[in-house]
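Structure file protein22.cif with mmCIF, C-alpha atoms:
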```cif
data_run
loop_
_atom_site.label_atom_id
_atom_site.label_comp_id
_atom_site.auth_asym_id
_atom_site.auth_seq_id
_atom_site.Cartn_x
_atom_site.Cartn_y
_atom_site.Cartn_z
CA MET A 132 84.93 76.90 55.74
CA ARG A 133 87.28 79.72 56.79
CA VAL A 134 86.82 83.46 56.90
CA ARG A 135 88.91 86.59 57.29
CA ARG A 136 88.41 90.34 57.11
CA LEU A 137 89.03 92.37 54.01
CA GLU A 138 90.61 95.80 54.27
CA VAL A 139 88.13 98.64 54.81
CA VAL A 140 88.45 102.43 54.75
CA ASP A 141 87.00 102.96 58.22
CA GLU A 142 84.59 101.49 60.73
CA TYR A 143 82.44 103.17 63.36
CA VAL A 144 80.64 101.30 66.13
CA GLU A 145 77.84 102.76 68.22
CA ASP A 146 75.56 100.88 70.64
CA GLY A 147 76.70 97.52 69.30
CA ARG A 148 76.09 98.33 65.64
CA ALA A 149 78.74 99.15 63.07
CA ALA A 150 78.86 101.36 60.00
CA ILE A 151 81.65 100.23 57.72
CA TYR A 152 83.14 102.17 54.83
CA THR A 153 84.15 99.49 52.36
CA THR A 154 87.05 99.76 49.96
CA PRO A 155 84.69 99.82 46.94
CA GLY A 156 83.20 102.98 48.45
CA MET A 157 79.92 101.92 50.07
CA VAL A 158 79.02 102.53 53.69
CA VAL A 159 77.07 99.58 55.06
CA LEU A 160 75.24 99.23 58.37
CA LEU A 161 75.58 95.95 60.23
CA SER A 162 73.11 94.38 62.63
CA GLU A 163 74.26 93.68 66.20
CA LEU A 164 74.86 90.05 65.28
CA ALA A 165 76.88 90.91 62.17
CA THR A 166 78.80 93.55 64.12
CA SER A 167 79.68 90.97 66.75
CA ALA A 168 80.89 88.52 64.09
CA TRP A 169 82.87 91.30 62.39
CA SER A 170 84.48 92.33 65.68
CA VAL A 171 86.19 88.96 66.18
CA LEU A 172 87.54 88.72 62.65
CA GLY A 173 91.05 89.72 61.73
CA GLU A 174 93.49 89.44 58.84
CA ASP A 175 94.16 85.77 59.59
CA TRP A 176 91.86 82.98 58.49
CA VAL A 177 89.63 81.49 61.19
CA PRO A 178 87.15 78.60 60.90
CA THR A 179 83.55 79.80 60.60
CA THR A 180 82.70 77.37 63.42
CA GLU A 181 84.75 79.60 65.73
CA ILE A 182 82.62 82.57 64.77
CA ALA A 183 79.49 80.47 65.34
CA THR A 184 80.73 79.57 68.82
CA HIS A 185 81.30 83.25 69.59
CA LEU A 186 77.83 84.22 68.35
CA VAL A 187 76.14 81.45 70.34
CA ALA A 188 77.95 82.69 73.45
CA GLU A 189 76.80 86.26 72.73
CA PHE A 190 73.26 85.76 71.47
CA GLY A 191 72.29 82.20 72.51
CA ASP A 192 71.88 78.98 70.58
CA PRO A 193 69.20 79.02 67.85
CA GLY A 194 68.84 75.22 68.36
CA ASP A 195 68.44 72.38 65.89
CA GLY A 196 72.16 72.66 65.08
CA ALA A 197 71.40 75.77 63.05
CA ALA A 198 74.15 77.97 64.51
CA ASP A 199 76.80 76.97 61.97
CA ARG A 200 74.43 77.32 59.02
CA LEU A 201 73.10 80.72 60.15
CA THR A 202 76.62 81.95 60.83
CA GLU A 203 77.74 80.92 57.35
CA GLU A 204 74.73 82.71 55.86
CA ALA A 205 75.61 85.86 57.81
CA LEU A 206 79.22 85.65 56.67
CA GLN A 207 78.13 85.09 53.05
CA SER A 208 76.14 88.28 53.38
CA LEU A 209 79.22 90.14 54.66
CA ALA A 210 81.18 88.71 51.73
CA THR A 211 78.71 90.16 49.21
CA MET A 212 79.36 93.56 50.82
CA SER A 213 83.13 93.20 50.34
CA LEU A 214 83.73 93.01 54.10
CA VAL A 215 85.08 89.46 54.39
CA GLU A 216 86.67 86.79 52.28
CA LEU A 217 85.46 83.19 52.53
CA ASP A 218 87.47 80.08 51.77
CA GLU A 219 85.21 77.18 50.99
CA GLY A 220 88.05 74.67 51.08
CA MET B 163 85.00 138.52 35.59
CA ARG B 164 86.36 137.38 38.95
CA LEU B 165 84.29 135.24 41.26
CA GLU B 166 84.70 133.29 44.45
CA ALA B 167 83.32 129.83 45.20
CA LEU B 168 83.98 128.18 48.58
CA GLU B 169 86.67 130.84 49.02
CA VAL B 170 88.43 129.63 45.87
CA ARG B 171 89.04 132.52 43.54
CA PHE B 172 88.37 132.27 39.82
CA GLU B 173 89.06 134.42 36.81
CA VAL B 174 86.55 133.65 34.09
CA LEU B 175 87.90 134.69 30.70
CA CYS B 176 85.07 135.13 28.23
CA THR B 177 86.11 134.76 24.60
CA GLY B 178 84.64 134.09 21.15
CA SER B 179 82.32 136.19 19.03
CA GLY B 180 79.80 136.21 21.90
CA ALA B 181 82.35 137.27 24.54
CA ALA B 182 80.59 140.50 25.48
CA GLU B 183 77.19 138.84 25.81
CA LEU B 184 78.74 136.01 27.81
CA ALA B 185 80.65 138.35 30.14
CA SER B 186 77.50 140.31 30.79
CA ALA B 187 75.50 137.16 31.57
CA VAL B 188 78.18 135.79 33.90
CA ALA B 189 78.46 139.11 35.72
CA ALA B 190 74.68 139.29 36.20
CA ALA B 191 74.20 135.69 37.38
CA TRP B 192 77.30 135.50 39.59
CA ASP B 193 77.08 139.01 41.03
CA TRP B 194 77.00 137.83 44.67
CA ALA B 195 80.11 135.72 44.09
CA ALA B 196 82.09 138.53 42.47
CA PHE B 197 85.12 140.00 44.18
CA GLU B 198 87.28 142.97 43.42
CA PRO B 199 90.90 142.27 42.51
CA SER B 200 93.39 143.52 45.07
CA SER B 201 97.13 143.52 45.50
CA ASP B 202 96.75 140.43 47.75
CA ASP B 203 95.65 138.38 44.74
CA ARG B 204 99.18 138.30 43.42
CA ASN B 205 100.12 135.89 46.17
CA GLY B 206 96.96 133.82 46.08
CA THR B 207 96.05 131.10 43.63
CA LEU B 208 93.61 132.15 40.94
CA GLN B 209 91.81 129.45 39.00
CA ARG B 210 91.51 130.54 35.39
CA LEU B 211 88.61 129.30 33.30
CA THR B 212 88.50 130.13 29.61
CA VAL B 213 84.96 130.05 28.32
CA VAL B 214 84.12 130.34 24.62
CA LEU B 215 80.79 131.48 23.19
CA GLU B 216 81.07 131.10 19.44
CA GLU B 217 78.30 130.68 16.91
CA ASP B 218 80.56 129.79 14.03
CA PRO B 219 81.23 126.02 14.16
CA ASP B 220 84.59 126.23 12.38
CA GLU B 221 85.82 128.95 14.69
CA LEU B 222 84.47 127.04 17.68
CA ALA B 223 86.36 123.92 16.62
CA ARG B 224 89.58 125.97 16.43
CA SER B 225 89.20 127.55 19.85
CA ALA B 226 87.68 124.59 21.72
CA GLY B 227 91.01 122.88 22.32
CA SER B 228 92.40 125.75 24.34
CA SER B 229 89.25 126.39 26.37
CA ASP B 230 87.76 124.91 29.53
CA LEU B 231 84.20 125.28 28.36
CA PHE B 232 82.64 126.09 25.01
CA ALA B 233 79.26 126.21 23.30
CA ARG B 234 77.43 127.85 20.42
CA ASP B 235 74.66 129.29 22.58
CA LEU B 236 74.56 131.22 25.82
CA PRO B 237 72.04 129.12 27.82
CA THR B 238 74.08 125.96 27.29
CA LEU B 239 77.27 127.66 28.34
CA MET B 240 75.75 129.24 31.43
CA ASP B 241 74.17 125.91 32.39
CA ARG B 242 77.56 124.19 32.25
CA LEU B 243 79.58 126.91 33.96
CA SER B 244 78.11 126.41 37.40
CA PRO B 245 78.92 122.66 37.68
CA MET B 246 82.43 123.37 36.42
CA VAL B 247 83.07 126.08 39.00
CA THR B 248 81.65 123.80 41.70
CA ARG B 249 83.84 120.89 40.61
CA VAL B 250 87.02 122.93 40.59
CA ALA B 251 86.24 124.63 43.91
CA VAL B 252 85.31 121.38 45.65
CA THR B 253 88.44 119.69 44.36
CA GLU B 254 90.57 122.62 45.52
CA ARG B 255 89.11 122.52 49.06
CA ARG B 256 88.93 118.73 49.42
CA ARG B 257 91.57 118.55 52.13
CA ASP B 258 90.46 121.35 54.43
CA LEU B 259 86.65 121.47 54.21
CA VAL B 260 83.93 118.93 54.79
CA MET B 261 81.66 119.60 51.83
CA PHE B 262 78.06 118.48 51.86
CA HIS B 263 75.74 118.29 48.86
CA ALA B 264 73.35 120.63 50.59
CA CYS B 265 71.31 123.75 50.93
CA ALA B 266 72.76 125.94 53.67
CA VAL B 267 70.85 128.73 55.40
CA ALA B 268 71.52 130.94 58.40
CA ASP B 269 69.80 133.17 60.89
CA PRO B 270 70.56 136.78 59.89
CA GLU B 271 70.71 137.91 63.53
CA THR B 272 72.75 135.18 65.22
CA GLY B 273 74.75 133.80 62.30
CA ASP B 274 73.74 130.26 63.29
CA ALA B 275 73.56 128.02 60.23
CA VAL B 276 71.75 124.84 59.26
CA VAL B 277 72.92 122.49 56.53
CA LEU B 278 70.19 120.46 54.82
CA TYR B 279 71.84 117.68 52.84
CA GLY B 280 70.39 115.26 50.34
CA PRO B 281 70.68 113.88 46.84
CA SER B 282 69.47 115.54 43.66
CA GLY B 283 65.70 115.65 43.56
CA THR B 284 65.22 116.69 47.15
CA GLY B 285 64.56 120.26 46.01
CA LYS B 286 67.54 122.10 47.47
CA THR B 287 67.27 125.00 45.04
CA THR B 288 63.56 125.41 45.72
CA MET B 289 64.37 125.15 49.42
CA ALA B 290 66.88 127.99 49.17
CA ARG B 291 64.38 130.12 47.24
CA THR B 292 61.71 129.43 49.84
CA LEU B 293 63.69 129.69 53.07
CA CYS B 294 66.08 132.45 52.13
CA THR B 295 63.50 135.18 51.78
CA ASP B 296 63.92 135.34 55.60
CA LEU B 297 67.09 133.40 56.23
CA VAL B 298 70.55 134.05 54.85
CA TYR B 299 71.42 132.20 51.63
CA LEU B 300 74.74 130.35 51.97
CA SER B 301 74.35 127.79 49.17
CA ASP B 302 71.85 125.67 47.29
CA GLU B 303 74.46 123.20 46.13
CA THR B 304 77.55 122.72 48.31
CA ALA B 305 78.00 123.63 51.97
CA GLY B 306 81.63 123.71 53.02
CA VAL B 307 82.34 123.39 56.74
CA THR B 308 85.68 124.24 58.35
CA PRO B 309 87.15 122.34 61.32
CA ASP B 310 85.83 125.11 63.62
CA LEU B 311 82.31 124.66 62.19
CA ARG B 312 82.24 127.80 60.07
CA VAL B 313 80.02 127.39 57.00
CA VAL B 314 81.81 128.78 53.96
CA PRO B 315 79.32 130.53 51.67
CA TYR B 316 79.06 129.52 48.05
CA LEU B 317 76.96 132.28 46.53
CA LYS B 318 76.34 130.70 43.16
CA PRO B 319 73.36 131.60 41.01
CA LEU B 320 70.35 129.34 41.38
CA SER B 321 69.57 127.01 38.49
CA ILE B 322 65.95 127.39 37.60
CA ILE B 323 64.03 125.55 34.88
CA LEU B 324 62.37 128.10 32.66
CA THR B 325 59.88 125.95 30.82
CA GLY B 326 58.53 122.48 31.40
CA GLY B 327 60.43 119.75 29.60
CA ASP B 328 63.41 122.03 29.04
CA ASP B 329 66.63 120.44 30.27
CA LEU B 330 68.47 123.74 30.33
CA LYS B 331 68.09 125.88 33.40
CA GLU B 332 68.52 129.61 33.70
CA GLN B 333 71.20 130.76 36.09
CA VAL B 334 69.63 133.42 38.27
CA SER B 335 71.39 135.66 40.76
CA PRO B 336 70.15 135.10 44.32
CA GLY B 337 69.72 138.88 44.53
CA ARG B 338 67.30 138.86 41.61
CA LEU B 339 65.22 136.31 43.51
CA GLY B 340 65.09 138.51 46.61
CA LEU B 341 67.15 136.22 48.83
CA VAL B 342 68.93 137.44 51.95
CA ARG B 343 72.61 138.11 51.31
CA PRO B 344 75.25 137.05 53.85
CA LEU B 345 77.23 139.73 55.61
CA ASP B 346 80.98 139.74 56.09
CA ARG B 347 80.77 137.68 59.29
CA PRO B 348 81.19 134.02 60.23
CA TYR B 349 78.23 131.67 59.97
CA ARG B 350 78.49 128.81 62.44
CA LEU B 351 76.97 125.37 61.87
CA ILE B 352 74.49 124.39 64.58
CA GLY B 353 72.28 121.89 62.76
CA LEU B 354 72.74 119.03 60.33
CA VAL B 355 69.58 117.82 58.60
CA GLN B 356 69.18 114.81 56.34
CA LEU B 357 66.49 115.48 53.74
CA ALA B 358 63.87 112.77 53.20
CA ARG B 359 61.38 113.92 50.61
CA ASP B 360 58.04 112.10 50.69
CA PRO B 361 55.55 113.42 48.12
CA GLY B 362 52.70 112.10 50.28
CA HIS B 363 53.70 113.99 53.40
CA HIS B 364 51.13 116.45 54.72
CA GLY B 365 51.47 119.32 57.20
CA ASP B 366 54.72 120.67 58.57
CA ALA B 367 57.86 118.67 58.00
CA THR B 368 58.58 116.16 60.74
CA LEU B 369 61.96 116.03 62.41
CA GLU B 370 63.49 112.99 64.09
CA SER B 371 66.89 112.50 65.66
CA LEU B 372 69.01 109.81 64.03
CA ALA B 373 71.56 107.64 65.77
CA THR B 374 74.86 108.74 64.28
CA VAL B 375 75.61 105.21 63.09
CA ASP B 376 72.35 105.24 61.12
CA ALA B 377 73.08 108.67 59.65
CA LEU B 378 76.54 107.79 58.35
CA PRO B 379 75.69 106.00 55.06
CA GLU B 380 73.75 108.96 53.67
CA LEU B 381 76.11 111.46 55.26
CA VAL B 382 79.02 109.88 53.39
CA ALA B 383 76.98 109.59 50.18
CA GLN B 384 76.27 113.34 50.28
CA THR B 385 79.78 114.46 51.22
CA SER B 386 82.50 115.08 48.65
CA TYR B 387 85.96 113.52 48.82
CA THR B 388 85.36 111.61 52.05
CA ARG B 389 88.38 109.44 51.35
CA GLU B 390 90.55 112.51 51.76
CA LEU B 391 89.46 112.69 55.40
CA ASP B 392 91.41 110.91 58.10
CA ARG B 393 89.10 108.12 59.36
CA PRO B 394 86.11 109.54 57.48
CA LEU B 395 83.35 107.87 59.51
CA HIS B 396 84.82 109.11 62.77
CA HIS B 397 85.43 112.55 61.28
CA LEU B 398 81.80 112.89 60.17
CA ALA B 399 80.46 111.35 63.39
CA ASP B 400 82.49 113.82 65.42
CA LEU B 401 81.16 116.72 63.36
CA ALA B 402 77.60 115.45 63.84
CA HIS B 403 78.08 115.12 67.61
CA ARG B 404 79.42 118.67 67.82
CA VAL B 405 76.14 120.02 66.41
CA GLY B 406 73.89 117.82 68.53
CA GLY B 407 73.56 114.94 66.08
CA VAL B 408 71.85 114.48 62.74
CA GLN B 409 68.14 115.05 62.32
CA ARG B 410 66.04 113.71 59.48
CA ALA B 411 63.37 115.96 58.02
CA THR B 412 60.48 114.35 56.15
CA TYR B 413 58.56 116.73 53.90
CA ALA B 414 56.86 117.01 50.55
CA GLU B 415 57.38 120.69 49.72
CA ALA B 416 60.09 123.15 50.75
CA GLU B 417 57.58 125.42 52.47
CA GLN B 418 56.90 122.67 55.04
CA LEU B 419 60.51 122.91 56.20
CA ARG B 420 60.24 126.53 57.28
CA PRO B 421 58.99 125.89 60.87
CA VAL B 422 61.41 123.04 61.58
CA VAL B 423 64.44 124.98 60.34
CA ARG B 424 63.28 127.91 62.45
CA ALA B 425 62.94 125.58 65.44
CA ILE B 426 66.49 124.30 64.99
CA LEU B 427 67.80 127.85 64.75
CA ASP B 428 65.84 128.78 67.86
CA GLY B 429 67.37 125.83 69.71
CA ALA B 430 64.03 124.15 70.29
CA PRO B 431 64.23 120.48 71.34
CA THR B 432 63.15 118.03 68.63
#
```
Let me see the file written as structure tokens.
Amino acid sequence: MRVRRLEVVDEYVEDGRAAIYTTPGMVVLLSELATSAWSVLGEDWVPTTEIATHLVAEFGDPGDGAADRLTEEALQSLATMSLVELDEG
Amino acid sequence: MRLEALEVRFEVLCTGSGAAELASAVAAAWDWAAFEPSSDDRNGTLQRLTVVLEEDPDELARSAGSSDLFARDLPTLMDRLSPMVTRVAVTERRRDLVMFHACAVADPETGDAVVLYGPSGTGKTTMARTLCTDLVYLSDETAGVTPDLRVVPYLKPLSIILTGGDDLKEQVSPGRLGLVRPLDRPYRLIGLVQLARDPGHHGDATLESLATVDALPELVAQTSYTRELDRPLHHLADLAHRVGGVQRATYAEAEQLRPVVRAILDGAPT
């Protein structure tokens, strides 16, 4: 699975947490983990495993091989808020 | 009738068979917003609103097309005039003011102002009626803030429900309600308060400081035309930082806010 950022109106980060003004007009607050994932995303597609690797380095390994699954769940959540685009292919 | 809203000047042209009654009602309700025409007006933009009060349906149908607002009865027309003036004024000032959906009050001695923002249902009109028997009334609807933190008064009438279950509200001059009128002086924003009404709250309102990042979603939701601002989240965060951050007030009734607003105006730590 791959992921990339969608265009947003503005983003504001304070103490590791972001508020993001989405193009549809909502302002959403991200957790520290979601903010960290968001911070490494850009306009180009990247594999979600890369994001998982970054999050494990930042927050530690949840164990049981769950990092990839939890990362994908977090990214799915960002996708429902119109922050990222996912490519399942 | 000429009136000013957020420093936008309007000429309200009252027409129809009820023109005289309408003009009288507008003049009474909007008396604090009235201004006298001067030679300067020739150079300034004047928003013209044509308002028709006409009982005869055929005549109303003929004149409706060329009017901005029309109705067969006075209460309906007066009820609709205020939102229309607000909409036009807010649209006109969208690029040079930050405009909060808020009740704005000020200390009559110092000119320090507090903006209490929140959605409909948080009781901003009741708040203005309650607080502004001692504090200066700046608005119960829209608080416009300039880049140098001046709060631009919007001295609209207050919309008050006359009878239970009646959707129409009477438009009442703030003077008729005994509120404190602003003087010809600047009122400077020193406090930004997010309203959190909790019907079960007892005692004085409680005040807590919010991290700016946590305040932003509601701040944006209660600010008009945020997309017109350059980097809106940073713009609003900067404004919040300049007044010491956003505070959230939890309360059930407007009266409970009196001590906490006083404390903010007195510069007391929260």
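Around A:Gly173, within 10 Å and counting only C-alpha atoms, the residues found are Val134, Arg135, Arg136, Leu137, Glu138, Trp169, Ser170, Trp176, Val177 and Val215 of chain A, once anything fewer than 3 positions away on its own chain is removed.
One finds atom CA of B:Met240 at 28.4 Å from atom CA of B:Asp258.
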Run through the PyMOL selection byres ((chain A) within 7 of (chain B)) on the given coordinates and return the selected residues as a short mmCIF file (atom, residue, chain, number, x, y, z; two decimals) with C-alpha atoms, in the frame of the given file.
```
data_model
loop_
_atom_site.label_atom_id
_atom_site.label_comp_id
_atom_site.auth_asym_id
_atom_site.auth_seq_id
_atom_site.Cartn_x
_atom_site.Cartn_y
_atom_site.Cartn_z
CA ASP A 141 87.00 102.96 58.22
CA GLU A 142 84.59 101.49 60.73
CA TYR A 143 82.44 103.17 63.36
CA GLU A 145 77.84 102.76 68.22
CA ALA A 149 78.74 99.15 63.07
CA ALA A 150 78.86 101.36 60.00
CA VAL A 158 79.02 102.53 53.69
CA VAL A 159 77.07 99.58 55.06
#
```
Inset, instruction - Evaluate the PyMOL selection byres ((chain A and resi 184-187) around 9) and record the selected residues as number ranges by chain, following the chain and residue labels used in the document. - result: A: 164, 167-168, 171, 179-183, 188-193, 198-199, 202
Inset, instruction - Have a look at atom CA of A:Val139 and atom CA of B:Gly353 and let me know their distance in Å, one decimal. - result: 29.2 Å
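Taking atom CA of B:Tyr387 as the reference point, atom CA of B:Thr304 is found at 12.5 Å.
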Legend entry - Cut-off 6 Å around (69.7, 136.0, 37.3) with all atoms listed in the file: residues as JSON, numbers by chain: {"B": [191, 333, 334, 335, 338]}
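Take the PyMOL selection byres ((chain B and resi 417) around 10) and apply it to this file: it picks Thr288, Met289, Arg291, Thr292, Leu293, Gly365, Asp366, Ala367, Tyr413, Ala414, Glu415, Ala416, Gln418, Leu419, Arg420 and Pro421 of chain B.
Distance annotation: of A:Leu214, A:Asp195, A:Asp175, A:Ala205, the residue with the minimal separation from A:Ser162 is A:Ala205; atom set is all atoms listed in the file.
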Inset, instruction - For each of B:Ser244, B:Gln409, B:Thr212, B:Thr308, take the minimum atom-to-atom distance to B:Glu370, counting all atoms listed in the file, then give the residue where this is smallest. - result: B:Gln409
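Using all atoms listed in the file, the shortest contact distance between B:Leu243 and any of B:Arg347, B:His397, B:Lys331, B:His403 is found at B:Lys331.
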Inset, instruction - Identify the residues within 8 Å of coordinate (79.6, 135.2, 22.0) (same frame as the file), considering all atoms listed in the file, and give the answer as a count of residues only. - result: 15
Might you pull out every residue within 10 Å of A:Glu219, with only C-alpha atoms counted and same-chain residues fewer than 2 positions away left off, and present them as a PDB file with C-alpha atoms, in the frame of the given file?
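Resulting contents of part.pdb:
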```pdb
ATOM      1  CA  MET A 132      84.930  76.900  55.740  1.00  0.00           C
ATOM      2  CA  ARG A 133      87.280  79.720  56.790  1.00  0.00           C
ATOM      3  CA  VAL A 134      86.820  83.460  56.900  1.00  0.00           C
ATOM      4  CA  GLU A 216      86.670  86.790  52.280  1.00  0.00           C
ATOM      5  CA  LEU A 217      85.460  83.190  52.530  1.00  0.00           C
TER       6      LEU A 217
END
```
Inset, instruction - For B:Thr412, list every protein, DNA or RNA residue within 6 Å, evaluated using only C-alpha atoms, and leave out those in the same chain fewer than 5 positions away; present the list as a list in words. - result: Ala358, Arg359, Ala367 and Thr368 of chain B
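Neighbouring residues of B:Val174 at 9 Å or closer, counting only C-alpha atoms and skipping chain neighbours under 5 positions away, are Met163, Arg164, Leu165, Ala185, Val188, Gln209, Arg210, Leu211, Thr212 and Val213 of chain B.
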Grab the residues selected above and save them as an mmCIF file, keeping the file's coordinate frame with C-alpha atoms.
```
data_model
loop_
_atom_site.group_PDB
_atom_site.id
_atom_site.type_symbol
_atom_site.label_atom_id
_atom_site.label_comp_id
_atom_site.auth_asym_id
_atom_site.auth_seq_id
_atom_site.Cartn_x
_atom_site.Cartn_y
_atom_site.Cartn_z
ATOM 1 C CA MET B 163 85.000 138.520 35.590
ATOM 2 C CA ARG B 164 86.360 137.380 38.950
ATOM 3 C CA LEU B 165 84.290 135.240 41.260
ATOM 4 C CA ALA B 185 80.650 138.350 30.140
ATOM 5 C CA VAL B 188 78.180 135.790 33.900
ATOM 6 C CA GLN B 209 91.810 129.450 39.000
ATOM 7 C CA ARG B 210 91.510 130.540 35.390
ATOM 8 C CA LEU B 211 88.610 129.300 33.300
ATOM 9 C CA THR B 212 88.500 130.130 29.610
ATOM 10 C CA VAL B 213 84.960 130.050 28.320
#
```
Would you mind completing stretch 276-295 of chain B to N, CA and C atoms and writing the output as a compact mmCIF listing (two decimals), keeping the file's coordinate frame?
```
# COMPACT_ATOMS: atom_id res chain seq x y z
N VAL B 276 72.25 126.22 59.37
CA VAL B 276 71.75 124.84 59.26
C VAL B 276 72.09 124.34 57.86
N VAL B 277 72.61 123.13 57.80
CA VAL B 277 72.92 122.49 56.53
C VAL B 277 71.91 121.38 56.31
N LEU B 278 71.21 121.47 55.16
CA LEU B 278 70.19 120.46 54.82
C LEU B 278 70.74 119.67 53.63
N TYR B 279 71.15 118.43 53.89
CA TYR B 279 71.84 117.68 52.84
C TYR B 279 70.96 116.58 52.27
N GLY B 280 71.17 116.32 50.99
CA GLY B 280 70.39 115.26 50.34
C GLY B 280 70.76 115.16 48.88
N PRO B 281 70.32 114.08 48.25
CA PRO B 281 70.68 113.88 46.84
C PRO B 281 69.90 114.81 45.92
N SER B 282 70.24 114.78 44.65
CA SER B 282 69.47 115.54 43.66
C SER B 282 68.02 115.07 43.71
N GLY B 283 67.12 116.01 43.53
CA GLY B 283 65.70 115.65 43.56
C GLY B 283 65.04 115.94 44.88
N THR B 284 65.84 116.35 45.86
CA THR B 284 65.22 116.69 47.15
C THR B 284 64.81 118.17 47.19
N GLY B 285 65.07 118.90 46.12
CA GLY B 285 64.56 120.26 46.01
C GLY B 285 65.38 121.30 46.73
N LYS B 286 66.70 121.17 46.70
CA LYS B 286 67.54 122.10 47.47
C LYS B 286 67.46 123.53 46.92
N THR B 287 67.36 123.65 45.60
CA THR B 287 67.27 125.00 45.04
C THR B 287 65.94 125.65 45.42
N THR B 288 64.87 124.89 45.32
CA THR B 288 63.56 125.41 45.72
C THR B 288 63.56 125.76 47.21
N MET B 289 64.24 124.92 47.97
CA MET B 289 64.37 125.15 49.42
C MET B 289 65.06 126.49 49.70
N ALA B 290 66.15 126.73 48.99
CA ALA B 290 66.88 127.99 49.17
C ALA B 290 65.99 129.17 48.79
N ARG B 291 65.27 129.04 47.68
CA ARG B 291 64.38 130.12 47.24
C ARG B 291 63.29 130.38 48.26
N THR B 292 62.82 129.30 48.89
CA THR B 292 61.71 129.43 49.84
C THR B 292 62.19 129.96 51.20
N LEU B 293 63.25 129.36 51.71
CA LEU B 293 63.69 129.69 53.07
C LEU B 293 64.46 131.01 53.13
N CYS B 294 65.14 131.33 52.05
CA CYS B 294 66.08 132.45 52.13
C CYS B 294 65.46 133.80 51.76
N THR B 295 64.13 133.87 51.79
CA THR B 295 63.50 135.18 51.78
C THR B 295 63.58 135.77 53.19
```
